[in-house]
>>> print(open('structure_28.cif').read())   # mmCIF, N, CA and C atoms and all ligand atoms
data_final
loop_
_atom_site.label_atom_id
_atom_site.label_comp_id
_atom_site.auth_asym_id
_atom_site.auth_seq_id
_atom_site.Cartn_x
_atom_site.Cartn_y
_atom_site.Cartn_z
N MET A 15 106.38 115.27 99.27
CA MET A 15 106.68 114.36 100.39
C MET A 15 108.04 113.68 100.14
N SER A 16 108.85 113.65 101.19
CA SER A 16 110.19 113.07 101.04
C SER A 16 110.13 111.56 100.79
N LEU A 17 111.05 111.07 100.01
CA LEU A 17 111.16 109.62 99.80
C LEU A 17 111.87 108.95 100.97
N ILE A 18 112.55 109.77 101.78
CA ILE A 18 113.37 109.24 102.88
C ILE A 18 112.52 109.15 104.14
N ASN A 19 112.15 107.92 104.44
CA ASN A 19 111.27 107.67 105.58
C ASN A 19 112.07 106.91 106.64
N LEU A 20 112.54 107.66 107.63
CA LEU A 20 113.41 107.05 108.65
C LEU A 20 112.61 106.67 109.89
N ILE A 21 112.94 105.52 110.45
CA ILE A 21 112.32 105.05 111.69
C ILE A 21 113.39 105.09 112.77
N GLU A 22 113.08 105.77 113.87
CA GLU A 22 114.05 105.80 114.97
C GLU A 22 113.65 104.75 116.00
N PHE A 23 114.57 103.83 116.28
CA PHE A 23 114.29 102.76 117.24
C PHE A 23 114.72 103.20 118.64
N HIS A 24 113.93 102.79 119.59
CA HIS A 24 114.22 103.12 120.99
C HIS A 24 115.48 102.36 121.44
N ARG A 25 116.39 103.06 122.04
CA ARG A 25 117.61 102.42 122.56
C ARG A 25 117.33 101.83 123.93
N LEU A 26 117.54 100.52 124.06
CA LEU A 26 117.27 99.84 125.33
C LEU A 26 118.56 99.53 126.09
N GLY A 27 119.68 99.99 125.54
CA GLY A 27 120.97 99.68 126.16
C GLY A 27 121.17 100.40 127.47
N ASP A 28 122.22 100.01 128.14
CA ASP A 28 122.56 100.65 129.41
C ASP A 28 124.08 100.71 129.50
N ASP A 29 124.63 100.84 130.70
CA ASP A 29 126.08 101.00 130.79
C ASP A 29 126.85 99.72 130.44
N ARG A 30 126.13 98.63 130.15
CA ARG A 30 126.80 97.41 129.68
C ARG A 30 126.93 97.39 128.16
N GLY A 31 126.17 98.24 127.47
CA GLY A 31 126.23 98.26 126.01
C GLY A 31 124.87 98.58 125.40
N GLY A 32 124.86 98.63 124.07
CA GLY A 32 123.63 98.99 123.36
C GLY A 32 122.73 97.79 123.14
N LEU A 33 121.44 98.06 122.98
CA LEU A 33 120.48 97.00 122.67
C LEU A 33 119.28 97.65 121.98
N ILE A 34 118.94 97.08 120.84
CA ILE A 34 117.76 97.55 120.11
C ILE A 34 116.93 96.33 119.74
N SER A 35 115.64 96.43 119.93
CA SER A 35 114.73 95.32 119.66
C SER A 35 113.84 95.70 118.47
N LEU A 36 113.69 94.75 117.54
CA LEU A 36 112.84 94.99 116.36
C LEU A 36 111.68 94.00 116.41
N GLU A 37 110.47 94.51 116.30
CA GLU A 37 109.30 93.64 116.41
C GLU A 37 108.32 93.93 115.27
N GLN A 38 107.81 92.85 114.67
CA GLN A 38 106.92 93.03 113.54
C GLN A 38 105.64 93.76 113.96
N ASN A 39 105.22 94.66 113.10
CA ASN A 39 104.01 95.46 113.31
C ASN A 39 104.06 96.31 114.58
N GLN A 40 105.26 96.45 115.13
CA GLN A 40 105.46 97.39 116.24
C GLN A 40 106.36 98.48 115.69
N ASN A 41 107.69 98.33 115.86
CA ASN A 41 108.58 99.33 115.26
C ASN A 41 109.01 98.98 113.84
N ILE A 42 108.71 97.75 113.40
CA ILE A 42 108.85 97.38 111.98
C ILE A 42 107.41 97.32 111.42
N PRO A 43 107.11 98.12 110.37
CA PRO A 43 105.71 98.31 110.00
C PRO A 43 105.13 97.24 109.09
N PHE A 44 105.52 95.97 109.30
CA PHE A 44 104.95 94.88 108.51
C PHE A 44 105.30 93.55 109.18
N ASP A 45 104.71 92.47 108.65
CA ASP A 45 105.08 91.12 109.10
C ASP A 45 106.50 90.82 108.61
N ILE A 46 107.35 90.32 109.49
CA ILE A 46 108.73 90.03 109.10
C ILE A 46 108.82 88.60 108.57
N LYS A 47 109.26 88.47 107.29
CA LYS A 47 109.41 87.14 106.68
C LYS A 47 110.88 86.77 106.47
N ARG A 48 111.76 87.80 106.44
CA ARG A 48 113.15 87.52 106.07
C ARG A 48 114.04 88.61 106.64
N VAL A 49 115.23 88.18 107.06
CA VAL A 49 116.28 89.12 107.48
C VAL A 49 117.55 88.72 106.76
N TYR A 50 118.23 89.67 106.14
CA TYR A 50 119.54 89.38 105.55
C TYR A 50 120.49 90.52 105.88
N TYR A 51 121.77 90.25 105.77
CA TYR A 51 122.72 91.32 106.05
C TYR A 51 123.87 91.27 105.06
N ILE A 52 124.36 92.46 104.76
CA ILE A 52 125.40 92.66 103.75
C ILE A 52 126.64 93.15 104.48
N PHE A 53 127.78 92.52 104.23
CA PHE A 53 129.00 92.86 104.96
C PHE A 53 130.20 92.55 104.05
N ASP A 54 131.40 92.87 104.52
CA ASP A 54 132.62 92.70 103.70
C ASP A 54 132.46 93.41 102.36
N THR A 55 131.82 94.56 102.39
CA THR A 55 131.60 95.34 101.17
C THR A 55 132.87 96.09 100.81
N LYS A 56 132.89 96.60 99.59
CA LYS A 56 134.04 97.39 99.14
C LYS A 56 133.58 98.82 98.90
N LYS A 57 134.42 99.77 99.34
CA LYS A 57 134.03 101.19 99.33
C LYS A 57 133.54 101.68 97.96
N ASP A 58 134.22 101.27 96.92
CA ASP A 58 133.89 101.80 95.59
C ASP A 58 132.95 100.91 94.79
N VAL A 59 132.42 99.89 95.43
CA VAL A 59 131.50 98.99 94.72
C VAL A 59 130.08 99.25 95.21
N ALA A 60 129.26 99.77 94.30
CA ALA A 60 127.87 100.08 94.64
C ALA A 60 127.01 98.83 94.44
N ARG A 61 125.85 98.80 95.10
CA ARG A 61 124.95 97.65 95.03
C ARG A 61 123.54 98.16 94.78
N GLY A 62 122.63 97.24 94.71
CA GLY A 62 121.22 97.60 94.51
C GLY A 62 120.92 97.73 93.04
N PHE A 63 120.55 98.93 92.60
CA PHE A 63 120.19 99.19 91.21
C PHE A 63 119.02 98.30 90.77
N HIS A 64 117.99 98.35 91.57
CA HIS A 64 116.76 97.63 91.23
C HIS A 64 115.62 98.21 92.05
N ALA A 65 114.41 97.81 91.70
CA ALA A 65 113.22 98.08 92.52
C ALA A 65 112.54 96.74 92.77
N HIS A 66 111.60 96.77 93.68
CA HIS A 66 110.79 95.58 93.94
C HIS A 66 109.33 95.90 93.63
N LYS A 67 108.66 94.97 92.99
CA LYS A 67 107.25 95.19 92.66
C LYS A 67 106.40 95.24 93.92
N ASP A 68 106.70 94.36 94.85
CA ASP A 68 105.80 94.18 95.99
C ASP A 68 106.49 94.31 97.35
N LEU A 69 107.78 94.08 97.40
CA LEU A 69 108.49 93.95 98.68
C LEU A 69 108.61 95.28 99.42
N GLN A 70 108.41 95.22 100.73
CA GLN A 70 108.72 96.35 101.61
C GLN A 70 109.87 95.93 102.51
N GLN A 71 110.75 96.88 102.82
CA GLN A 71 111.92 96.55 103.62
C GLN A 71 112.26 97.70 104.56
N VAL A 72 113.00 97.36 105.62
CA VAL A 72 113.63 98.37 106.47
C VAL A 72 115.11 98.03 106.50
N ALA A 73 115.95 99.00 106.12
CA ALA A 73 117.41 98.81 106.09
C ALA A 73 118.03 99.55 107.28
N ILE A 74 118.90 98.84 107.99
CA ILE A 74 119.54 99.43 109.19
C ILE A 74 121.04 99.17 109.09
N CYS A 75 121.81 100.22 109.15
CA CYS A 75 123.26 100.07 109.13
C CYS A 75 123.69 99.84 110.58
N ILE A 76 123.84 98.58 110.96
CA ILE A 76 124.09 98.30 112.37
C ILE A 76 125.57 98.53 112.73
N LYS A 77 126.42 98.66 111.73
CA LYS A 77 127.82 99.03 111.96
C LYS A 77 128.33 99.78 110.74
N GLY A 78 129.16 100.79 110.94
CA GLY A 78 129.72 101.54 109.83
C GLY A 78 128.67 102.41 109.16
N SER A 79 128.87 102.63 107.86
CA SER A 79 127.96 103.54 107.16
C SER A 79 127.86 103.17 105.68
N CYS A 80 126.78 103.61 105.08
CA CYS A 80 126.63 103.54 103.63
C CYS A 80 125.59 104.59 103.23
N ARG A 81 125.53 104.85 101.94
CA ARG A 81 124.60 105.86 101.44
C ARG A 81 123.57 105.19 100.52
N PHE A 82 122.32 105.46 100.79
CA PHE A 82 121.23 104.96 99.95
C PHE A 82 120.75 106.06 99.02
N ILE A 83 120.45 105.71 97.79
CA ILE A 83 119.69 106.58 96.90
C ILE A 83 118.33 105.90 96.68
N LEU A 84 117.27 106.66 96.89
CA LEU A 84 115.92 106.18 96.56
C LEU A 84 115.37 107.04 95.45
N ASP A 85 114.65 106.40 94.55
CA ASP A 85 114.17 107.06 93.34
C ASP A 85 112.79 106.47 93.02
N ASP A 86 111.77 107.33 92.98
CA ASP A 86 110.42 106.83 92.69
C ASP A 86 110.05 107.00 91.21
N GLY A 87 111.04 107.31 90.40
CA GLY A 87 110.79 107.51 88.97
C GLY A 87 110.59 108.97 88.63
N VAL A 88 110.37 109.80 89.65
CA VAL A 88 110.21 111.25 89.45
C VAL A 88 111.25 112.00 90.27
N HIS A 89 111.35 111.65 91.54
CA HIS A 89 112.31 112.29 92.44
C HIS A 89 113.38 111.29 92.86
N ARG A 90 114.54 111.85 93.20
CA ARG A 90 115.68 111.02 93.60
C ARG A 90 116.27 111.67 94.84
N GLU A 91 116.42 110.90 95.93
CA GLU A 91 116.96 111.45 97.17
C GLU A 91 118.00 110.50 97.74
N SER A 92 118.90 111.09 98.53
CA SER A 92 120.03 110.34 99.07
C SER A 92 120.04 110.48 100.59
N VAL A 93 120.44 109.42 101.28
CA VAL A 93 120.55 109.49 102.73
C VAL A 93 121.71 108.60 103.20
N ILE A 94 122.43 109.09 104.17
CA ILE A 94 123.50 108.28 104.77
C ILE A 94 122.94 107.55 105.98
N LEU A 95 123.15 106.25 106.01
CA LEU A 95 122.78 105.46 107.19
C LEU A 95 124.05 105.17 107.97
N ASP A 96 124.10 105.58 109.22
CA ASP A 96 125.32 105.38 110.01
C ASP A 96 125.02 105.20 111.50
N LYS A 97 123.75 104.85 111.79
CA LYS A 97 123.37 104.67 113.20
C LYS A 97 122.56 103.38 113.36
N PRO A 98 122.88 102.57 114.36
CA PRO A 98 122.16 101.31 114.53
C PRO A 98 120.72 101.48 115.02
N ASN A 99 120.37 102.69 115.43
CA ASN A 99 118.99 102.92 115.91
C ASN A 99 118.13 103.64 114.87
N ILE A 100 118.63 103.70 113.62
CA ILE A 100 117.85 104.35 112.55
C ILE A 100 117.63 103.36 111.41
N GLY A 101 116.36 103.18 111.04
CA GLY A 101 116.01 102.30 109.92
C GLY A 101 115.44 103.12 108.78
N LEU A 102 115.77 102.72 107.57
CA LEU A 102 115.22 103.37 106.37
C LEU A 102 114.12 102.47 105.82
N PHE A 103 112.88 102.98 105.82
CA PHE A 103 111.78 102.22 105.23
C PHE A 103 111.83 102.37 103.71
N ILE A 104 111.83 101.24 103.01
CA ILE A 104 111.88 101.26 101.54
C ILE A 104 110.63 100.59 101.02
N ASN A 105 109.77 101.38 100.43
CA ASN A 105 108.50 100.84 99.95
C ASN A 105 108.70 100.09 98.64
N SER A 106 107.67 99.38 98.23
CA SER A 106 107.70 98.73 96.92
C SER A 106 107.74 99.81 95.83
N MET A 107 108.11 99.43 94.64
CA MET A 107 108.20 100.33 93.48
C MET A 107 109.07 101.55 93.77
N MET A 108 110.19 101.29 94.38
CA MET A 108 111.16 102.35 94.68
C MET A 108 112.54 101.85 94.22
N TRP A 109 113.10 102.55 93.25
CA TRP A 109 114.45 102.20 92.80
C TRP A 109 115.43 102.52 93.92
N ARG A 110 116.37 101.59 94.21
CA ARG A 110 117.36 101.85 95.27
C ARG A 110 118.76 101.51 94.80
N GLU A 111 119.67 102.33 95.28
CA GLU A 111 121.10 102.09 95.05
C GLU A 111 121.79 102.27 96.39
N MET A 112 122.86 101.50 96.62
CA MET A 112 123.66 101.66 97.85
C MET A 112 125.09 101.96 97.43
N HIS A 113 125.63 103.04 97.99
CA HIS A 113 126.97 103.52 97.64
C HIS A 113 127.78 103.77 98.90
N ASP A 114 129.08 104.01 98.70
CA ASP A 114 129.97 104.53 99.74
C ASP A 114 129.95 103.68 101.02
N PHE A 115 130.07 102.39 100.86
CA PHE A 115 130.13 101.51 102.04
C PHE A 115 131.44 101.74 102.79
N SER A 116 131.36 101.92 104.09
CA SER A 116 132.59 101.97 104.89
C SER A 116 133.15 100.54 105.00
N ASP A 117 134.43 100.44 105.30
CA ASP A 117 135.07 99.12 105.37
C ASP A 117 134.38 98.20 106.38
N ASP A 118 133.88 98.81 107.44
CA ASP A 118 133.30 98.00 108.53
C ASP A 118 131.78 97.89 108.43
N CYS A 119 131.22 98.29 107.30
CA CYS A 119 129.75 98.36 107.20
C CYS A 119 129.09 96.97 107.35
N VAL A 120 128.07 96.94 108.18
CA VAL A 120 127.17 95.78 108.23
C VAL A 120 125.76 96.34 108.05
N LEU A 121 125.16 96.03 106.92
CA LEU A 121 123.84 96.55 106.59
C LEU A 121 122.83 95.42 106.74
N MET A 122 121.93 95.58 107.70
CA MET A 122 120.91 94.56 107.95
C MET A 122 119.60 95.01 107.32
N VAL A 123 118.92 94.09 106.67
CA VAL A 123 117.67 94.44 106.00
C VAL A 123 116.57 93.48 106.45
N ILE A 124 115.45 94.06 106.85
CA ILE A 124 114.28 93.30 107.29
C ILE A 124 113.26 93.39 106.15
N ALA A 125 112.69 92.24 105.77
CA ALA A 125 111.80 92.23 104.59
C ALA A 125 110.47 91.54 104.92
N ASN A 126 109.44 91.93 104.18
CA ASN A 126 108.11 91.36 104.47
C ASN A 126 107.74 90.19 103.56
N HIS A 127 108.70 89.75 102.72
CA HIS A 127 108.46 88.54 101.92
C HIS A 127 109.73 87.71 101.84
N HIS A 128 109.58 86.45 101.56
CA HIS A 128 110.73 85.60 101.27
C HIS A 128 111.39 86.07 99.98
N TYR A 129 112.61 85.63 99.75
CA TYR A 129 113.33 86.01 98.53
C TYR A 129 112.59 85.48 97.30
N ASP A 130 112.42 86.36 96.31
CA ASP A 130 111.76 85.97 95.07
C ASP A 130 112.30 86.83 93.93
N GLU A 131 113.12 86.25 93.09
CA GLU A 131 113.76 87.02 92.00
C GLU A 131 112.70 87.64 91.06
N VAL A 132 111.53 87.00 90.97
CA VAL A 132 110.47 87.51 90.08
C VAL A 132 109.98 88.90 90.53
N ASP A 133 110.18 89.20 91.80
CA ASP A 133 109.72 90.49 92.34
C ASP A 133 110.67 91.65 91.99
N TYR A 134 111.86 91.32 91.47
CA TYR A 134 112.86 92.37 91.17
C TYR A 134 112.60 93.01 89.81
N ILE A 135 112.82 94.32 89.73
CA ILE A 135 112.91 95.01 88.44
C ILE A 135 114.34 95.53 88.38
N ARG A 136 115.18 94.92 87.56
CA ARG A 136 116.61 95.22 87.60
C ARG A 136 117.06 96.16 86.48
N ASN A 137 116.11 96.61 85.67
CA ASN A 137 116.44 97.53 84.59
C ASN A 137 115.68 98.84 84.83
N TYR A 138 116.41 99.98 84.81
CA TYR A 138 115.79 101.26 85.18
C TYR A 138 114.69 101.66 84.19
N ASP A 139 114.88 101.42 82.91
CA ASP A 139 113.85 101.77 81.93
C ASP A 139 112.58 100.93 82.14
N ASP A 140 112.77 99.66 82.48
CA ASP A 140 111.61 98.81 82.80
C ASP A 140 110.88 99.38 84.02
N PHE A 141 111.68 99.83 85.01
CA PHE A 141 111.08 100.43 86.22
C PHE A 141 110.23 101.64 85.85
N LEU A 142 110.79 102.52 85.02
CA LEU A 142 110.04 103.72 84.61
C LEU A 142 108.76 103.32 83.86
N GLY A 143 108.87 102.29 83.04
CA GLY A 143 107.69 101.79 82.30
C GLY A 143 106.62 101.30 83.26
N CYS A 144 107.03 100.60 84.32
CA CYS A 144 106.05 100.09 85.30
C CYS A 144 105.39 101.24 86.05
N ILE A 145 106.16 102.27 86.39
CA ILE A 145 105.63 103.43 87.13
C ILE A 145 104.52 104.09 86.32
N LYS A 146 104.77 104.23 85.02
CA LYS A 146 103.79 104.91 84.15
C LYS A 146 102.47 104.16 84.10
N HIS A 147 102.52 102.84 84.31
CA HIS A 147 101.31 102.03 84.19
C HIS A 147 100.58 101.85 85.51
N VAL A 148 101.12 102.44 86.60
CA VAL A 148 100.46 102.31 87.91
C VAL A 148 99.27 103.25 87.97
C1 LIG A 201 117.59 95.15 98.27
C2 LIG A 201 118.92 95.68 98.70
C3 LIG A 201 118.80 96.69 99.81
C4 LIG A 201 119.19 85.58 97.77
O1 LIG A 201 119.33 84.44 97.30
N1 LIG A 201 118.40 85.76 98.86
C5 LIG A 201 118.21 86.99 99.41
O2 LIG A 201 117.45 87.11 100.40
C6 LIG A 201 118.89 88.13 98.83
C7 LIG A 201 118.68 89.50 99.43
C8 LIG A 201 119.69 87.92 97.76
N2 LIG A 201 119.84 86.67 97.24
C9 LIG A 201 120.74 86.48 96.09
C10 LIG A 201 120.33 87.16 94.80
C11 LIG A 201 121.65 87.45 94.14
O3 LIG A 201 122.09 86.33 93.41
O4 LIG A 201 122.00 87.05 96.46
C12 LIG A 201 122.60 87.65 95.32
C13 LIG A 201 122.90 89.11 95.59
O5 LIG A 201 121.66 89.84 95.65
P1 LIG A 201 121.52 91.30 95.01
O6 LIG A 201 122.43 91.48 93.87
O7 LIG A 201 120.07 91.55 94.77
O8 LIG A 201 122.03 92.19 96.26
P2 LIG A 201 121.98 93.77 96.44
O9 LIG A 201 122.90 94.09 97.57
O10 LIG A 201 122.16 94.48 95.16
O11 LIG A 201 120.44 94.06 96.91
C14 LIG A 201 119.98 93.58 98.17
C15 LIG A 201 118.62 92.87 98.03
O12 LIG A 201 118.70 91.84 97.05
C16 LIG A 201 117.54 93.82 97.62
O13 LIG A 201 116.27 93.22 97.80
O14 LIG A 201 116.60 95.86 98.31
O15 LIG A 201 119.86 94.67 99.06
#
>>> encode(input="structure_28.cif", output="structure tokens")
Amino acid sequence: MSLINLIEFHRLGDDRGGLISLEQNQNIPFDIKRVYYIFDTKKDVARGFHAHKDLQQVAICIKGSCRFILDDGVHRESVILDKPNIGLFINSMMWREMHDFSDDCVLMVIANHHYDEVDYIRNYDDFLGCIKHV
């Protein structure tokens, strides 16, 4: 089974412009507790390099593009996000890296919990250790 789980959002725009609506437990598959966005990124500076013990998220590149790597400790897959109507579902216990940000990238992330540093696993070996104990 692929690690890349994409959600296609219905486009509600018309000849005045684009419009996409995100609703909890409708096209976003969880209760929405937090939204954050990453911008003013640098092309050669990668981000992420962590997993979350419990957090589920949907990442949407609402402008520009970036590349995600997802890694479940066994398989590693890559996907380019470059469409505002496509969301990448990122489950808990999934190592993620973000690379190749375009200059104009705006990456919006919807999360099912408030920010909690305790939920992060920021060391890859620790992540592998946790996977083995699941
Ligand atoms: C993720 C990927 C896709 C907060 O205080 N509140 C927040 O809601 C977030 C997301 C971050 N922060 C703080 C924690 C760090 O001191 O902002 C700083 C930068 O966060 P971090 O280095 O974790 O950022 P990224 O871009 O590596 O990862 C982020 C999310 O943190 C993470 O959950 O899955 O985007």
>>> residues_near_ligand(input="structure_28.cif", ligand="ligand LIG 201 (chain A)", cutoff="6.5 Å", atoms="only N, CA and C atoms and all ligand atoms", output="list of chain:residue names")
A:Tyr50, A:Arg61, A:Gly62, A:Phe63, A:His128, A:Tyr129
>>> residues_near_point(input="structure_28.cif", point="(112.8, 105.8, 105.1)", cutoff="7 Å", atoms="only N, CA and C atoms", output="PyMOL selection string")
chain A and resi 17-21+101-104
>>> atom_distance(input="structure_28.cif", atom1="atom N of Lys47 in chain A", atom2="atom N of Val88 in chain A")
27.7 Å
>>> residues_around(input="structure_28.cif", residues="Thr55 in chain A", least_positions_apart="3", cutoff="10 Å", atoms="only C-alpha atoms", output="PyMOL selection string")
chain A and resi 52+58-61+80+114-121
>>> closest_residue(input="structure_28.cif", among="A:Ile76, A:Met122, A:Cys144, A:Ile83", to="Val49 in chain A", atoms="only C-alpha atoms")
A:Met122
>>> residues_around(input="structure_28.cif", residues="Leu69 in chain A", least_positions_apart="4", cutoff="6 Å", atoms="all atoms listed in the file", output="JSON, numbers by chain")
{"A": [104, 105, 106, 126, 127]}
>>> closest_atom_pairs(input="structure_28.cif", of="range 70-127 of chain A", to="range 136-141 of chain A", cutoff="8 Å", atoms="all atoms listed in the file", output="Markdown table")
| residue | atom | partner | partner_atom | distance |
| --- | --- | --- | --- | --- |
| A:Asp86 | C | A:Phe141 | C | 7.6 |
| A:Gly87 | CA | A:Phe141 | C | 6.7 |
| A:Met107 | CA | A:Phe141 | CA | 7.8 |
| A:Trp109 | CA | A:Phe141 | CA | 7.6 |
>>> closest_residue(input="structure_28.cif", among="A:Asp45, A:Asp96, A:Asp133, A:Glu91", to="Ile74 in chain A", atoms="only N, CA and C atoms")
A:Asp96
>>> atom_distance(input="structure_28.cif", atom1="CA of Val123 in chain A", atom2="atom C of Gly27 in chain A")
22.6 Å
>>> select_by_dssp(input="structure_28.cif", residues="chain A", states="strand (DSSP E)", output="PyMOL selection string")
chain A and resi 19-22+48-52+61-66+71-77+80-85+90-95+100-104+109-113+120-125+134-135
>>> residues_around(input="structure_28.cif", residues="Arg25 in chain A", least_positions_apart="4", cutoff="7 Å", atoms="only N, CA and C atoms", output="list of chain:residue names")
A:Gly32, A:Leu33, A:Ile34, A:Ser35, A:Asn99
>>> axis_aligned_box(input="structure_28.cif", around="range 118-137 of chain A", padding_each_side="6 Å", output="AutoDock Vina command-line options")
--center_x 120.8 --center_y 92.2 --center_z 96.6 --size_x 38.1 --size_y 25.4 --size_z 35.9
>>> atom_distance(input="structure_28.cif", atom1="atom N of Arg110 in chain A", atom2="atom N of Asp85 in chain A")
5.1 Å
>>> select_by_dssp(input="structure_28.cif", residues="chain A", states="alpha helix (DSSP H)", output="list of chain:residue names")
A:Tyr138, A:Asp139, A:Asp140, A:Phe141, A:Leu142, A:Gly143, A:Cys144, A:Ile145, A:Lys146
